[in-house]
Amino acid sequence: MDKEKYLTDPRFKGIEPFKDKVWLSSPTMHGEELRFMTEAFETNWMSTVGENINEVERMTAEKVGCKYAVGLSSGTASLHLAVKLAGERLYGQPELGKGTLFGKKVFCSDMTFDATVNPVVYEGGMPVFIDTEYDTWNMDPKALEKGFKLYPEVKLIVLAHLYGTPAKLEEIRRIADTYGALLVEDAAESFGAAYKGRQTGNFGDYGIISHNGNKIITSSSSGMLLTDSKEDADKARKWSTQSREDAPWYQHEELGYNYRMSNVTAGVLRGQFPYLKEHIRQKKEIYERYKDGLKGLPVSMNPIPRDCEPNYWMSCILIDKEAMCRQIRGEREGLYVSEPGKSCPTEILEALTAFNAEGRPIWKPMHMQPIYRMNGFVTKDGNGRGRSNAYIDLGKAADAGVDIFERGLCLPSDNKMTKEQQDKIIAVIRACFE
């Protein structure tokens with residue numbers, strides 16, 4: 001990327017680069033985190049047991065409205081154990097070396113980070129991707145219903161809530177129940193978001209939350225598994241500590257993992273918890289400022305459907321089809337041809353980078369990823385394989401997820417960003433359409 005190209009372009013005249021980088025979404029610390037970390041240090045509870053873990057598990061279960069929350073080392077670890085619990089519940093314990101989903105197909109969100117999908121493969125399952133819909137940018141209930149017509153043997157759904165906005169949970173839960181399928185709810189990005197007054201992570205048979213450094217509240221790295229079953233919560237805790245049996249020596253009768261949350265990182269999370277509402281409020285203000293500041297441009301914000309209150313974790317835009325300049329994306333880089341009055345995600349992201357601000361492409365759909373290109377993919381019209389093109393030009397994709405990926409991008413959404421900084425980002429975006 002030629003930075004000077006943007007800094008000398010007449011369209012950007014008068015816009016100076018940021019001295020300090022404006023991040024997409026970075027941790028926001030308040031000071032109380034250090035107190036609980038220090039407490040862990042001074043009491044020597046530095047490992048995977050302690051008051052901080054106990055307290056954040058209690059606080060999480062109370063916030064989400066589930067009976068049990070199990071603190072684990074990451075959102076991915078939480079997803080893995082949730083999927084493993086679901087697989088064991090559906091199919092029983094596997095042979096050693098074979099996962100609980102060995103040889104079984106699983107319906108998964110298509111437009112998401114691959115951490116949503118990989119745990120299915122860890123357990124020997126075969127992801128079948130369900131297309132996205134425009135109302136929420138999440139799994140399309142119509143495509144899911146079509147999926148059960150094509151693959152009636154499927155008994156597990158793994159659903160992600162993209163960018164902090166809940167999926168159509170009532171419809172998806174109804175479809176799961178109709179076909180006797182379990183639902184694992186990936187609420188990694190949506191902690192604090194609600195659908196019809198009920199928190200995400202509390203609609204599935206199992207749910208998870210992530211506390212990665214870029215999330216709405218963070219511990220630096222940890223996650224939570226959510227369940228209403230004491231038996232499953234106890235099993236997850238056991239699995240997460242290498243499945244050690246209750247014996248005076250190290251006794252192991254099933255496969256285990258080193259997945260338990262640290263009492264130190266739990267201290268960071270404990271200090272973050274009181275600021276969840278404040279962070280959501282700040283993120284919402286950022287979203288509204290973008291919405292107002294970009295009026296008149298041929299773009300729309302990521303949708304906020306009725307019946308839900310997102311946590312506004314990420315502010316995104318979708319460029320109108322007729323306002324897309326020519327853009328081609330290969331596997332690792334994108335190219336575009338600048339056109340007056342038009343732009344594309346590649347140009348806007350390059351411009352933001354040139355002015356020292358961080359943006360990101362929308363999640364590339366899983367069925368387009370090289371690792372998963374042979375897996376099934378279902379749209380609302382049926383089998384989507386053979387139709388979607390990984391190199392769509394001019395936003396003419398047939399499938400919703402591919403289309404959103406081609407025309408959408410994530411804007412700097414850091415809750416420490418000032419209004420003046422955001423105004424400059426808006427000016428950069430506006431200049432791209434001149």
# chains A, B, ... in the order shown; residues from 1 in each chain; ligands from 1
$ residues_around --residues "Asp234 (chain A)" --least-positions-apart "2" --cutoff "12 Å" --atoms "only C-alpha atoms" --output "MDAnalysis selection string"
chainID A and resid 68:71 81 85 225:232 236:241 243
$ select_by_dssp --residues "region 117-225 of chain A" --states "alpha helix (DSSP H)" --output "PyMOL selection string"
chain A and resi 118-122+141-150+169-178
$ closest_residue --among "A:Leu150, A:Ile425, A:Ala143, A:Val106" --to "Pro127 (chain A)" --atoms "only C-alpha atoms"
A:Val106
$ closest_atom_pairs --of "region 244-308 of chain A" --to "region 45-64 of chain A" --cutoff "8 Å" --atoms "only C-alpha atoms" --output "JSON lines"
{"residue": "A:Arg260", "atom": "CA", "partner": "A:Thr48", "partner_atom": "CA", "distance": 6.0}
{"residue": "A:Met261", "atom": "CA", "partner": "A:Thr48", "partner_atom": "CA", "distance": 5.8}
{"residue": "A:Ser262", "atom": "CA", "partner": "A:Thr48", "partner_atom": "CA", "distance": 4.5}
{"residue": "A:Asn263", "atom": "CA", "partner": "A:Ile53", "partner_atom": "CA", "distance": 5.5}
{"residue": "A:Val264", "atom": "CA", "partner": "A:Met46", "partner_atom": "CA", "distance": 5.8}
{"residue": "A:Ala266", "atom": "CA", "partner": "A:Asn52", "partner_atom": "CA", "distance": 5.3}
{"residue": "A:Gly267", "atom": "CA", "partner": "A:Asn52", "partner_atom": "CA", "distance": 5.3}
{"residue": "A:Leu269", "atom": "CA", "partner": "A:Val56", "partner_atom": "CA", "distance": 7.1}
{"residue": "A:Arg270", "atom": "CA", "partner": "A:Val56", "partner_atom": "CA", "distance": 5.8}
$ write_last_selection --atoms "N, CA, C and O atoms" --output "compact mmCIF listing (two decimals), in the first residue's frame"
# COMPACT_ATOMS: atom_id res chain seq x y z
N ARG A 260 -8.55 -24.38 31.69
CA ARG A 260 -9.17 -23.62 32.78
C ARG A 260 -8.68 -22.17 32.79
O ARG A 260 -7.52 -21.88 32.46
N MET A 261 -9.57 -21.27 33.18
CA MET A 261 -9.23 -19.86 33.33
C MET A 261 -8.23 -19.66 34.47
O MET A 261 -8.28 -20.35 35.49
N SER A 262 -7.34 -18.72 34.30
CA SER A 262 -6.39 -18.36 35.36
C SER A 262 -7.03 -17.39 36.34
O SER A 262 -7.81 -16.51 35.95
N ASN A 263 -6.69 -17.52 37.62
CA ASN A 263 -7.21 -16.59 38.63
C ASN A 263 -6.68 -15.18 38.42
O ASN A 263 -7.30 -14.21 38.86
N VAL A 264 -5.55 -15.06 37.73
CA VAL A 264 -4.98 -13.73 37.44
C VAL A 264 -5.79 -13.03 36.35
O VAL A 264 -6.21 -11.88 36.51
N ALA A 266 -8.73 -13.78 35.50
CA ALA A 266 -10.07 -13.58 36.07
C ALA A 266 -10.13 -12.29 36.88
O ALA A 266 -11.18 -11.64 36.96
N GLY A 267 -9.00 -11.90 37.47
CA GLY A 267 -8.96 -10.64 38.20
C GLY A 267 -9.14 -9.45 37.29
O GLY A 267 -9.82 -8.47 37.63
N LEU A 269 -10.83 -9.50 34.46
CA LEU A 269 -12.24 -9.53 34.09
C LEU A 269 -13.14 -9.03 35.22
O LEU A 269 -14.11 -8.30 34.97
N ARG A 270 -12.81 -9.39 36.43
CA ARG A 270 -13.60 -8.95 37.60
C ARG A 270 -13.59 -7.43 37.69
O ARG A 270 -14.61 -6.80 38.03
$ closest_atom_pairs --of "region 86-106 of chain A" --to "region 196-207 of chain A" --cutoff "12 Å" --atoms "only C-alpha atoms" --output "tab-separated table"
residue	atom	partner	partner_atom	distance
A:Ala86	CA	A:Tyr206	CA	7.8
A:Gly87	CA	A:Tyr206	CA	11.4
A:Arg89	CA	A:Asp205	CA	10.6
A:Leu90	CA	A:Asp205	CA	11.8
$ closest_residue --among "A:Asp177, A:Glu16, A:Asp403, A:Glu32" --to "Thr132 (chain A)" --atoms "only C-alpha atoms"
A:Asp403
$ closest_residue --among "A:Phe129, A:Ala181, A:Glu358, A:Ile429" --to "Arg385 (chain A)" --atoms "only C-alpha atoms"
A:Phe129
$ closest_residue --among "A:Tyr259, A:Tyr275, A:Phe405, A:Trp363" --to "Phe113 (chain A)" --atoms "only C-alpha atoms"
A:Trp363
$ atom_distance --atom1 "CA of Ser338 (chain A)" --atom2 "CA of Gly408 (chain A)"
16.9 Å
$ select_by_dssp --residues "region 244-296 of chain A" --states "strand (DSSP E or B)" --output "PyMOL selection string"
chain A and resi 244+252+258+260
$ write_last_selection --atoms "all heavy atoms" --output "short mmCIF file (atom, residue, chain, number, x, y, z; two decimals), in the first residue's frame"
data_model
loop_
_atom_site.label_atom_id
_atom_site.label_comp_id
_atom_site.auth_asym_id
_atom_site.auth_seq_id
_atom_site.Cartn_x
_atom_site.Cartn_y
_atom_site.Cartn_z
N ARG A 244 -8.70 -34.92 35.38
CA ARG A 244 -8.14 -35.63 36.55
C ARG A 244 -9.29 -36.19 37.40
O ARG A 244 -10.22 -35.47 37.75
CB ARG A 244 -7.27 -34.69 37.37
CG ARG A 244 -6.62 -35.37 38.57
CD ARG A 244 -5.79 -34.38 39.36
NE ARG A 244 -5.26 -35.03 40.56
CZ ARG A 244 -4.57 -34.40 41.50
NH1 ARG A 244 -4.31 -33.10 41.38
NH2 ARG A 244 -4.12 -35.05 42.55
N HIS A 252 -6.51 -40.77 35.17
CA HIS A 252 -7.18 -40.22 33.99
C HIS A 252 -7.94 -41.33 33.27
O HIS A 252 -7.36 -42.33 32.86
CB HIS A 252 -6.16 -39.59 33.03
CG HIS A 252 -5.32 -38.54 33.69
ND1 HIS A 252 -5.76 -37.26 33.90
CD2 HIS A 252 -4.07 -38.61 34.22
CE1 HIS A 252 -4.80 -36.56 34.50
NE2 HIS A 252 -3.77 -37.36 34.71
N ASN A 258 -6.01 -28.56 28.88
CA ASN A 258 -5.52 -27.51 29.77
C ASN A 258 -6.25 -26.21 29.41
O ASN A 258 -5.68 -25.31 28.81
CB ASN A 258 -4.00 -27.36 29.62
CG ASN A 258 -3.44 -26.33 30.58
OD1 ASN A 258 -4.06 -25.98 31.58
ND2 ASN A 258 -2.26 -25.84 30.28
N ARG A 260 -8.55 -24.38 31.69
CA ARG A 260 -9.17 -23.62 32.78
C ARG A 260 -8.68 -22.17 32.79
O ARG A 260 -7.52 -21.88 32.46
CB ARG A 260 -8.87 -24.29 34.12
CG ARG A 260 -9.69 -23.76 35.30
CD ARG A 260 -11.15 -24.13 35.19
NE ARG A 260 -11.83 -23.95 36.49
CZ ARG A 260 -12.90 -23.21 36.68
NH1 ARG A 260 -13.44 -22.56 35.65
NH2 ARG A 260 -13.47 -23.12 37.87
#
$ residues_around --residues "Phe191 (chain A)" --least-positions-apart "2" --cutoff "8 Å" --atoms "only C-alpha atoms" --output "list in words"
Gly164, Ala187, Ala188, Glu189, Ala193, Gln199, Thr200, Gly201, Ile209, Ile216 and Asn311 of chain A
$ closest_residue --among "A:Asp131, A:Glu33, A:Glu309, A:Glu95" --to "Ala194 (chain A)" --atoms "only C-alpha atoms"
A:Glu309
$ closest_residue --among "A:Gly31, A:Pro141, A:Pro298, A:Gly180" --to "Lys155 (chain A)" --atoms "only C-alpha atoms"
A:Gly180
$ closest_atom_pairs --of "region 81-173 of chain A" --to "region 316-337 of chain A" --cutoff "12 Å" --atoms "only C-alpha atoms" --output "JSON lines"
{"residue": "A:Tyr134", "atom": "CA", "partner": "A:Leu318", "partner_atom": "CA", "distance": 10.5}
{"residue": "A:Trp137", "atom": "CA", "partner": "A:Leu318", "partner_atom": "CA", "distance": 10.9}
{"residue": "A:Leu162", "atom": "CA", "partner": "A:Cys316", "partner_atom": "CA", "distance": 10.9}
{"residue": "A:Tyr163", "atom": "CA", "partner": "A:Cys316", "partner_atom": "CA", "distance": 8.6}
{"residue": "A:Gly164", "atom": "CA", "partner": "A:Cys316", "partner_atom": "CA", "distance": 11.2}
{"residue": "A:Thr165", "atom": "CA", "partner": "A:Cys316", "partner_atom": "CA", "distance": 11.6}
$ write_last_selection --atoms "N, CA, C and O atoms" --output "PDB file, in the first residue's frame"
ATOM      1  N   TYR A 134     -29.606 -10.518   5.291  1.00  0.00           N
ATOM      2  CA  TYR A 134     -29.278  -9.091   5.356  1.00  0.00           C
ATOM      3  C   TYR A 134     -29.833  -8.403   6.598  1.00  0.00           C
ATOM      4  O   TYR A 134     -29.295  -7.380   7.017  1.00  0.00           O
ATOM      5  N   TRP A 137     -27.194  -9.804   9.443  1.00  0.00           N
ATOM      6  CA  TRP A 137     -25.877 -10.294   9.025  1.00  0.00           C
ATOM      7  C   TRP A 137     -25.524 -11.608   9.728  1.00  0.00           C
ATOM      8  O   TRP A 137     -24.356 -11.979   9.808  1.00  0.00           O
ATOM      9  N   LEU A 162     -22.978 -11.949  15.009  1.00  0.00           N
ATOM     10  CA  LEU A 162     -21.921 -11.168  14.385  1.00  0.00           C
ATOM     11  C   LEU A 162     -21.884  -9.722  14.874  1.00  0.00           C
ATOM     12  O   LEU A 162     -22.916  -9.043  14.899  1.00  0.00           O
ATOM     13  N   TYR A 163     -20.691  -9.273  15.238  1.00  0.00           N
ATOM     14  CA  TYR A 163     -20.417  -7.875  15.581  1.00  0.00           C
ATOM     15  C   TYR A 163     -21.300  -7.339  16.711  1.00  0.00           C
ATOM     16  O   TYR A 163     -21.540  -6.127  16.806  1.00  0.00           O
ATOM     17  N   GLY A 164     -21.813  -8.244  17.566  1.00  0.00           N
ATOM     18  CA  GLY A 164     -22.590  -7.817  18.726  1.00  0.00           C
ATOM     19  C   GLY A 164     -24.073  -7.717  18.496  1.00  0.00           C
ATOM     20  O   GLY A 164     -24.809  -7.281  19.386  1.00  0.00           O
ATOM     21  N   THR A 165     -24.555  -8.129  17.306  1.00  0.00           N
ATOM     22  CA  THR A 165     -25.986  -8.071  16.997  1.00  0.00           C
ATOM     23  C   THR A 165     -26.581  -9.473  17.044  1.00  0.00           C
ATOM     24  O   THR A 165     -26.096 -10.372  16.355  1.00  0.00           O
TER      25      THR A 165
END
$ atom_distance --atom1 "CA of Asp381 (chain A)" --atom2 "CA of Ala167 (chain A)"
19.5 Å
$ atom_distance --atom1 "CA of Lys146 (chain A)" --atom2 "CA of Gly382 (chain A)"
6.1 Å
$ residues_around --residues "His30 (chain A)" --least-positions-apart "2" --cutoff "10 Å" --atoms "only C-alpha atoms" --output "MDAnalysis selection string"
chainID A and resid 27:28 32:34 268 271:272 274:275
$ write_last_selection --atoms "C-alpha atoms" --output "CSV table (one decimal), in the first residue's frame"
chain,number,residue,atom,x,y,z
A,27,PRO,CA,-8.7,-3.0,25.6
A,28,THR,CA,-10.0,-0.2,27.9
A,32,GLU,CA,-9.8,-1.8,39.4
A,33,GLU,CA,-8.4,-4.7,37.3
A,34,LEU,CA,-5.0,-4.2,38.9
A,268,VAL,CA,-8.7,-8.4,35.1
A,271,GLY,CA,-12.4,-5.4,37.4
A,272,GLN,CA,-13.9,-4.9,33.9
A,274,PRO,CA,-18.7,-3.0,36.4
A,275,TYR,CA,-17.9,-1.1,33.2
